[in-house]
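Shown here: entry-v8.cif, mmCIF, C-alpha atoms.
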data_work
#
loop_
_atom_site.group_PDB
_atom_site.id
_atom_site.type_symbol
_atom_site.label_atom_id
_atom_site.label_comp_id
_atom_site.auth_asym_id
_atom_site.auth_seq_id
_atom_site.Cartn_x
_atom_site.Cartn_y
_atom_site.Cartn_z
ATOM 1 C CA MET A 1 102.980 114.867 91.053
ATOM 2 C CA LEU A 2 102.701 111.682 89.019
ATOM 3 C CA ALA A 3 105.063 110.002 91.483
ATOM 4 C CA PHE A 4 102.957 111.182 94.408
ATOM 5 C CA VAL A 5 99.740 109.879 92.869
ATOM 6 C CA GLY A 6 101.482 106.603 92.029
ATOM 7 C CA ALA A 7 102.710 106.244 95.601
ATOM 8 C CA ALA A 8 99.186 106.904 96.911
ATOM 9 C CA VAL A 9 97.776 104.207 94.631
ATOM 10 C CA VAL A 10 100.407 101.739 95.852
ATOM 11 C CA LEU A 11 99.424 102.560 99.440
ATOM 12 C CA GLN A 12 95.792 101.937 98.557
ATOM 13 C CA LEU A 13 96.747 98.572 97.068
ATOM 14 C CA TRP A 14 98.499 97.686 100.313
ATOM 15 C CA LEU A 15 95.463 98.782 102.349
ATOM 16 C CA LEU A 16 93.269 96.554 100.202
ATOM 17 C CA THR A 17 95.493 93.526 100.819
ATOM 18 C CA VAL A 18 95.445 94.293 104.554
ATOM 19 C CA SER A 19 91.642 94.516 104.466
ATOM 20 C CA VAL A 20 91.194 91.210 102.651
ATOM 21 C CA GLU A 21 93.638 89.485 105.008
ATOM 22 C CA ALA A 22 91.756 90.898 108.003
ATOM 23 C CA LEU A 23 88.415 89.799 106.540
ATOM 24 C CA LEU A 24 89.663 86.255 106.073
ATOM 25 C CA SER A 25 91.141 86.194 109.590
ATOM 26 C CA GLY A 26 87.942 87.419 111.166
ATOM 27 C CA GLU A 27 89.576 90.608 112.473
ATOM 28 C CA TYR A 28 86.781 92.965 111.533
ATOM 29 C CA LYS A 29 88.108 95.906 113.566
ATOM 30 C CA THR A 30 90.677 96.692 110.871
ATOM 31 C CA LEU A 31 88.257 96.938 107.966
ATOM 32 C CA VAL A 32 86.609 100.327 108.424
ATOM 33 C CA PRO A 33 89.835 102.225 109.321
ATOM 34 C CA ALA A 34 91.542 100.740 106.258
ATOM 35 C CA ALA A 35 88.644 101.758 104.027
ATOM 36 C CA ALA A 36 88.680 105.244 105.571
ATOM 37 C CA GLY A 37 92.419 105.536 104.907
ATOM 38 C CA SER A 38 91.885 104.491 101.309
ATOM 39 C CA THR A 39 89.192 107.145 100.955
ATOM 40 C CA VAL A 40 91.553 109.813 102.307
ATOM 41 C CA LEU A 41 94.148 108.808 99.717
ATOM 42 C CA LEU A 42 91.487 108.944 97.012
ATOM 43 C CA ALA A 43 90.522 112.446 98.155
ATOM 44 C CA ILE A 44 94.176 113.518 97.904
ATOM 45 C CA ASN A 45 94.446 112.090 94.400
ATOM 46 C CA VAL A 46 91.247 113.770 93.260
ATOM 47 C CA GLY A 47 92.429 117.044 94.779
ATOM 48 C CA LEU A 48 95.691 116.835 92.861
ATOM 49 C CA LEU A 49 93.868 116.061 89.636
ATOM 50 C CA ARG A 50 91.556 119.033 90.134
ATOM 51 C CA TYR A 51 94.617 121.193 90.725
ATOM 52 C CA VAL A 52 96.008 120.085 87.365
ATOM 53 C CA PHE A 53 92.727 120.892 85.601
ATOM 54 C CA ARG A 54 92.545 124.274 87.261
ATOM 55 C CA PHE A 55 96.169 124.965 86.379
ATOM 56 C CA ASP A 56 95.455 124.190 82.728
ATOM 57 C CA ARG A 57 92.330 126.330 82.740
ATOM 58 C CA ASP A 58 94.213 129.268 84.240
ATOM 59 C CA ALA A 59 97.108 128.819 81.817
ATOM 60 C CA HIS A 60 94.782 128.846 78.798
ATOM 61 C CA GLY A 61 92.811 131.701 80.273
ATOM 62 C CA GLU A 62 95.921 133.860 80.318
ATOM 63 C CA MET B 1 94.500 117.468 42.549
ATOM 64 C CA ASN B 2 94.229 113.697 43.023
ATOM 65 C CA ILE B 3 96.727 111.486 44.769
ATOM 66 C CA ASP B 4 98.220 110.279 41.521
ATOM 67 C CA THR B 5 99.278 113.723 40.433
ATOM 68 C CA GLU B 6 100.155 114.949 43.851
ATOM 69 C CA GLU B 7 103.464 113.175 43.856
ATOM 70 C CA GLU B 8 104.295 114.465 40.371
ATOM 71 C CA GLY B 9 104.114 118.076 41.496
ATOM 72 C CA CYS B 10 107.027 120.479 41.831
ATOM 73 C CA ALA B 11 109.786 119.825 44.332
ATOM 74 C CA GLY B 12 108.667 122.771 46.472
ATOM 75 C CA CYS B 13 105.069 121.547 46.499
ATOM 76 C CA LYS B 14 106.147 118.037 47.518
ATOM 77 C CA ALA B 15 107.874 119.373 50.598
ATOM 78 C CA SER B 16 104.902 121.461 51.799
ATOM 79 C CA THR B 17 101.867 119.383 50.695
ATOM 80 C CA PRO B 18 101.590 116.022 52.352
ATOM 81 C CA PRO B 19 100.019 113.176 50.374
ATOM 82 C CA LYS B 20 96.300 112.599 50.868
ATOM 83 C CA TRP B 21 96.766 109.507 53.013
ATOM 84 C CA ARG B 22 98.887 111.582 55.381
ATOM 85 C CA GLN B 23 96.147 114.186 55.569
ATOM 86 C CA ASP B 24 93.662 111.456 56.519
ATOM 87 C CA PHE B 25 96.029 109.962 59.111
ATOM 88 C CA PRO B 26 98.009 112.891 60.529
ATOM 89 C CA ILE B 27 99.261 111.252 63.726
ATOM 90 C CA GLU B 28 102.454 109.208 63.641
ATOM 91 C CA TRP B 29 102.455 105.664 65.037
ATOM 92 C CA GLU B 30 104.557 106.670 68.062
ATOM 93 C CA GLY B 31 102.267 109.621 68.760
ATOM 94 C CA ASP B 32 99.211 107.401 68.648
ATOM 95 C CA HIS B 33 100.600 105.333 71.511
ATOM 96 C CA TYR B 34 102.014 108.246 73.461
ATOM 97 C CA VAL B 35 100.571 108.611 76.953
ATOM 98 C CA SER B 36 101.085 111.984 78.491
ATOM 99 C CA ARG B 37 101.647 112.441 82.205
ATOM 100 C CA ARG B 38 98.226 114.063 82.461
ATOM 101 C CA GLU B 39 96.557 110.998 80.995
ATOM 102 C CA MET B 40 98.537 108.749 83.338
ATOM 103 C CA VAL B 41 97.443 110.816 86.355
ATOM 104 C CA LYS B 42 93.806 110.595 85.256
ATOM 105 C CA PHE B 43 94.141 106.837 84.829
ATOM 106 C CA LEU B 44 95.771 106.450 88.242
ATOM 107 C CA THR B 45 93.046 108.515 89.870
ATOM 108 C CA LEU B 46 90.441 106.223 88.325
ATOM 109 C CA GLY B 47 92.378 103.264 89.711
ATOM 110 C CA SER B 48 92.457 104.990 93.075
ATOM 111 C CA LEU B 49 88.664 105.303 92.983
ATOM 112 C CA LEU B 50 88.273 101.607 92.169
ATOM 113 C CA LEU B 51 90.610 100.640 95.005
ATOM 114 C CA ALA B 52 88.702 102.781 97.503
ATOM 115 C CA VAL B 53 85.404 101.205 96.356
ATOM 116 C CA ALA B 54 86.917 97.727 96.676
ATOM 117 C CA ASN B 55 88.119 98.567 100.180
ATOM 118 C CA TRP B 56 84.626 99.633 101.265
ATOM 119 C CA ALA B 57 83.148 96.528 99.634
ATOM 120 C CA THR B 58 85.551 94.434 101.729
ATOM 121 C CA ALA B 59 84.474 96.304 104.862
ATOM 122 C CA LEU B 60 80.793 95.700 104.032
ATOM 123 C CA ALA B 61 81.399 92.043 103.213
ATOM 124 C CA SER B 62 82.058 91.387 106.903
ATOM 125 C CA LYS B 63 78.372 92.107 107.592
ATOM 126 C CA PHE B 64 77.266 89.360 105.248
ATOM 127 C CA LEU B 65 79.988 86.806 105.712
ATOM 128 C CA HIS B 66 78.687 83.773 107.554
ATOM 129 C CA ARG B 67 81.374 82.395 109.796
ATOM 130 C CA GLY B 68 81.146 79.420 112.028
ATOM 131 C CA SER B 69 78.490 76.819 112.492
ATOM 132 C CA HIS B 70 76.616 75.212 115.373
ATOM 133 C CA ALA B 71 75.190 72.211 113.559
ATOM 134 C CA GLU B 72 75.693 68.824 115.185
ATOM 135 C CA ARG B 73 77.076 65.962 113.113
ATOM 136 C CA TYR B 74 78.264 62.432 113.892
ATOM 137 C CA ILE B 75 81.799 62.069 112.549
ATOM 138 C CA GLY B 76 82.984 58.628 113.647
ATOM 139 C CA SER B 77 83.972 56.450 116.544
ATOM 140 C CA ALA B 78 86.568 57.228 119.164
ATOM 141 C CA ALA B 79 88.031 53.745 118.699
ATOM 142 C CA ALA B 80 89.029 54.589 115.099
ATOM 143 C CA LEU B 81 90.865 57.630 116.394
ATOM 144 C CA GLU B 82 92.815 55.579 118.937
ATOM 145 C CA GLN B 83 94.377 53.465 116.213
ATOM 146 C CA THR B 84 95.713 56.179 113.939
ATOM 147 C CA ASN B 85 95.730 59.248 116.227
ATOM 148 C CA SER B 86 94.042 61.236 113.445
ATOM 149 C CA MET B 87 90.788 60.997 111.544
ATOM 150 C CA LEU B 88 89.337 62.818 108.582
ATOM 151 C CA PHE B 89 85.728 63.901 108.492
ATOM 152 C CA ARG B 90 83.449 66.489 106.883
ATOM 153 C CA TYR B 91 81.890 69.345 108.824
ATOM 154 C CA PRO B 92 79.627 71.311 108.670
ATOM 155 C CA THR B 93 78.878 70.220 105.083
ATOM 156 C CA ASP B 94 80.282 67.518 102.826
ATOM 157 C CA GLU B 95 82.298 70.212 101.081
ATOM 158 C CA ASP B 96 84.312 71.072 104.217
ATOM 159 C CA PRO B 97 87.144 68.623 105.015
ATOM 160 C CA CYS B 98 88.284 68.503 108.631
ATOM 161 C CA ILE B 99 90.797 66.530 110.687
ATOM 162 C CA ALA B 100 90.548 65.280 114.254
ATOM 163 C CA VAL B 101 93.690 64.496 116.231
ATOM 164 C CA ARG B 102 94.347 62.745 119.526
ATOM 165 C CA THR B 103 97.304 64.659 120.960
ATOM 166 C CA PRO B 104 100.177 62.851 122.746
ATOM 167 C CA VAL B 105 98.714 63.966 126.097
ATOM 168 C CA GLY B 106 95.360 62.441 125.180
ATOM 169 C CA LYS B 107 93.463 65.614 124.333
ATOM 170 C CA LEU B 108 91.034 65.515 121.420
ATOM 171 C CA VAL B 109 91.255 68.428 118.970
ATOM 172 C CA ALA B 110 89.853 69.032 115.515
ATOM 173 C CA TYR B 111 90.393 71.648 112.851
ATOM 174 C CA SER B 112 89.475 72.466 109.314
ATOM 175 C CA GLN B 113 91.799 70.607 107.011
ATOM 176 C CA VAL B 114 92.018 73.557 104.622
ATOM 177 C CA CYS B 115 95.376 75.284 104.972
ATOM 178 C CA THR B 116 94.963 79.012 105.491
ATOM 179 C CA HIS B 117 97.769 79.740 103.024
ATOM 180 C CA LEU B 118 96.498 78.404 99.699
ATOM 181 C CA SER B 119 93.867 75.847 100.762
ATOM 182 C CA CYS B 120 95.859 72.635 100.493
ATOM 183 C CA ALA B 121 94.882 69.754 102.784
ATOM 184 C CA VAL B 122 96.902 69.546 105.991
ATOM 185 C CA VAL B 123 97.838 66.191 107.506
ATOM 186 C CA TYR B 124 98.815 65.128 111.019
ATOM 187 C CA ASP B 125 102.576 64.811 111.380
ATOM 188 C CA LYS B 126 103.394 62.762 114.470
ATOM 189 C CA ALA B 127 107.116 63.550 114.279
ATOM 190 C CA GLU B 128 106.498 67.304 114.191
ATOM 191 C CA ASN B 129 103.541 66.994 116.589
ATOM 192 C CA GLY B 130 101.500 69.262 114.399
ATOM 193 C CA LEU B 131 99.462 69.655 111.257
ATOM 194 C CA PHE B 132 101.666 69.791 108.207
ATOM 195 C CA CYS B 133 100.811 71.273 104.837
ATOM 196 C CA PRO B 134 102.764 69.467 102.116
ATOM 197 C CA CYS B 135 102.239 72.121 99.432
ATOM 198 C CA HIS B 136 104.491 74.809 100.852
ATOM 199 C CA HIS B 137 105.717 73.135 104.032
ATOM 200 C CA GLY B 138 103.518 75.077 106.383
ATOM 201 C CA LEU B 139 103.157 73.770 109.929
ATOM 202 C CA PHE B 140 100.446 74.355 112.509
ATOM 203 C CA ASN B 141 100.751 73.327 116.152
ATOM 204 C CA LEU B 142 98.000 71.356 117.846
ATOM 205 C CA GLU B 143 96.452 74.635 118.984
ATOM 206 C CA GLY B 144 95.865 75.431 115.334
ATOM 207 C CA GLN B 145 98.376 78.278 115.290
ATOM 208 C CA PRO B 146 100.840 78.575 112.378
ATOM 209 C CA VAL B 147 104.393 77.966 113.572
ATOM 210 C CA ALA B 148 106.335 77.531 110.348
ATOM 211 C CA GLY B 149 106.051 78.205 106.653
ATOM 212 C CA PRO B 150 103.903 80.698 104.750
ATOM 213 C CA PRO B 151 100.540 80.395 106.583
ATOM 214 C CA THR B 152 99.773 83.399 108.780
ATOM 215 C CA ARG B 153 96.217 82.663 109.939
ATOM 216 C CA PRO B 154 95.254 79.889 112.388
ATOM 217 C CA LEU B 155 93.171 76.902 111.321
ATOM 218 C CA PRO B 156 89.460 77.188 112.125
ATOM 219 C CA ARG B 157 88.724 74.975 115.148
ATOM 220 C CA VAL B 158 86.000 72.364 115.198
ATOM 221 C CA GLN B 159 84.436 71.687 118.589
ATOM 222 C CA LEU B 160 84.015 67.997 119.314
ATOM 223 C CA GLU B 161 81.984 66.133 121.877
ATOM 224 C CA GLN B 162 82.487 62.507 122.820
ATOM 225 C CA ARG B 163 79.408 60.562 123.861
ATOM 226 C CA GLY B 164 80.517 57.078 124.787
ATOM 227 C CA ASN B 165 82.346 55.738 121.778
ATOM 228 C CA LYS B 166 80.791 58.215 119.382
ATOM 229 C CA LEU B 167 82.309 61.507 118.306
ATOM 230 C CA PHE B 168 80.151 64.460 117.332
ATOM 231 C CA ALA B 169 81.158 67.767 115.792
ATOM 232 C CA ILE B 170 79.048 70.443 117.469
ATOM 233 C CA GLY B 171 80.480 73.729 116.271
ATOM 234 C CA LEU B 172 82.961 75.468 114.025
ATOM 235 C CA LYS B 173 84.810 78.491 115.304
ATOM 236 C CA ALA B 174 86.177 80.363 112.297
#

Give the structure from the file, written as structure tokens.
Amino acid sequence: MLAFVGAAVVLQLWLLTVSVEALLSGEYKTLVPAAAGSTVLLAINVGLLRYVFRFDRDAHGE
Amino acid sequence: MNIDTEEEGCAGCKASTPPKWRQDFPIEWEGDHYVSRREMVKFLTLGSLLLAVANWATALASKFLHRGSHAERYIGSAAALEQTNSMLFRYPTDEDPCIAVRTPVGKLVAYSQVCTHLSCAVVYDKAENGLFCPCHHGLFNLEGQPVAGPPTRPLPRVQLEQRGNKLFAIGLKA
């Protein structure tokens, strides 16, 4: 799971570089889709983290 | 029992009762620096949040970024350009270096002199028939498009107007 979260963060880094390059080039069409993609990756990461917390809570609850 | 007598206790006591300093600092040096996978995942998720926020900030910046200019400014005489085929000037402000070039076919073009790679000043290279960046050997053609080297974005074009012998910059297309 750590590897998956790490890969998602690397993808977000790449999306950020794409966004800044597009901003400097004046290609504004790319900006919102890139930000939306980054938000989707963030949602996945948060979901995984919540899963870990829930897993711990269930394990201690047993 | 104080710390001085603690170490003088029986052999069995020594093994089971740690000294007082150990009781005050129970975590070993390696354990103090240990980062569990859970902590790493939390940290990465925080980084993920910051990256998403930065991405949206970049998207919003496009609404506020002022690109281009339509101010009119006298930049020099056409006669000066005939002698050297290129001329430096400032447009739209004194902080913005630009270069005007008379192409081999006689067309007059002008661009921002700031290389789109790492902002070095480009110069007109007659042999290459383009604008050359000496820092990292980038080359732009006379349409402003990058044709060699690390630059990937075209040079912003300055619109010129010739009125008699006078040259005016009338717009910047970023």

message: Considering only C-alpha atoms, can you say which of A:Leu11, A:Leu31, A:Ala43, A:Arg54 comes closest to chain B?
response: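 Result for the nearest residue to chain B: A:Leu31.
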
- request: For Ala35 (chain A), please output as a VMD selection string all residues within 12 Å (counting all atoms listed in the file; exclusion window: fewer than 6 positions along the same chain).
  value: (chain A and resid 11 to 20 22 28 to 29 41 to 42) or (chain B and resid 49 to 60)

- prompt: In terms of the shortest atom-to-atom distance over only C-alpha atoms, which of B:Ser69, B:Gln83, B:Thr93, B:Ser77 is closest to Pro156 (chain B)?
  reply: B:Ser69

- request: With the file shown as input, list the residues that the PyMOL selection byres ((chain A and resi 26) around 10) selects, as a list in words.
  value: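 Applied to this file, the PyMOL selection byres ((chain A and resi 26) around 10) selects Val20, Glu21, Ala22, Leu23, Leu24, Ser25, Glu27, Tyr28, Lys29 and Thr30 of chain A; Ser62, Leu65, Arg67, Arg153 and Ala174 of chain B.
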
Write out the residues from the selection above, keeping C-alpha atoms, as a short mmCIF file (atom, residue, chain, number, x, y, z; two decimals), in the frame of the given file.
data_model
loop_
_atom_site.label_atom_id
_atom_site.label_comp_id
_atom_site.auth_asym_id
_atom_site.auth_seq_id
_atom_site.Cartn_x
_atom_site.Cartn_y
_atom_site.Cartn_z
CA VAL A 20 91.19 91.21 102.65
CA GLU A 21 93.64 89.48 105.01
CA ALA A 22 91.76 90.90 108.00
CA LEU A 23 88.42 89.80 106.54
CA LEU A 24 89.66 86.26 106.07
CA SER A 25 91.14 86.19 109.59
CA GLU A 27 89.58 90.61 112.47
CA TYR A 28 86.78 92.96 111.53
CA LYS A 29 88.11 95.91 113.57
CA THR A 30 90.68 96.69 110.87
CA SER B 62 82.06 91.39 106.90
CA LEU B 65 79.99 86.81 105.71
CA ARG B 67 81.37 82.40 109.80
CA ARG B 153 96.22 82.66 109.94
CA ALA B 174 86.18 80.36 112.30
#

task: Find the distance between CA of His137 (chain B) and CA of Gly149 (chain B) and write it in Å to one decimal.
output: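 Atom-to-atom, CA of His137 (chain B) to CA of Gly149 (chain B), that is 5.7 Å.
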
task: Go ahead and compute the interatomic distance for CA of Ala169 (chain B) and CA of Gln145 (chain B), in Å to one decimal.
output: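 Between CA of Ala169 (chain B) and CA of Gln145 (chain B) the gap is 20.2 Å.
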
field: CA of Gly31 (chain B) to CA of Phe4 (chain A), straight-line distance in Å
entry: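 Here the two named atoms are 25.7 Å from each other.
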
Nearest-residue call for chain A, choices B:Pro92, B:Gly47, B:Pro150, B:Pro26, using only C-alpha atoms: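 For chain A, the nearest of the given residues is B:Gly47.
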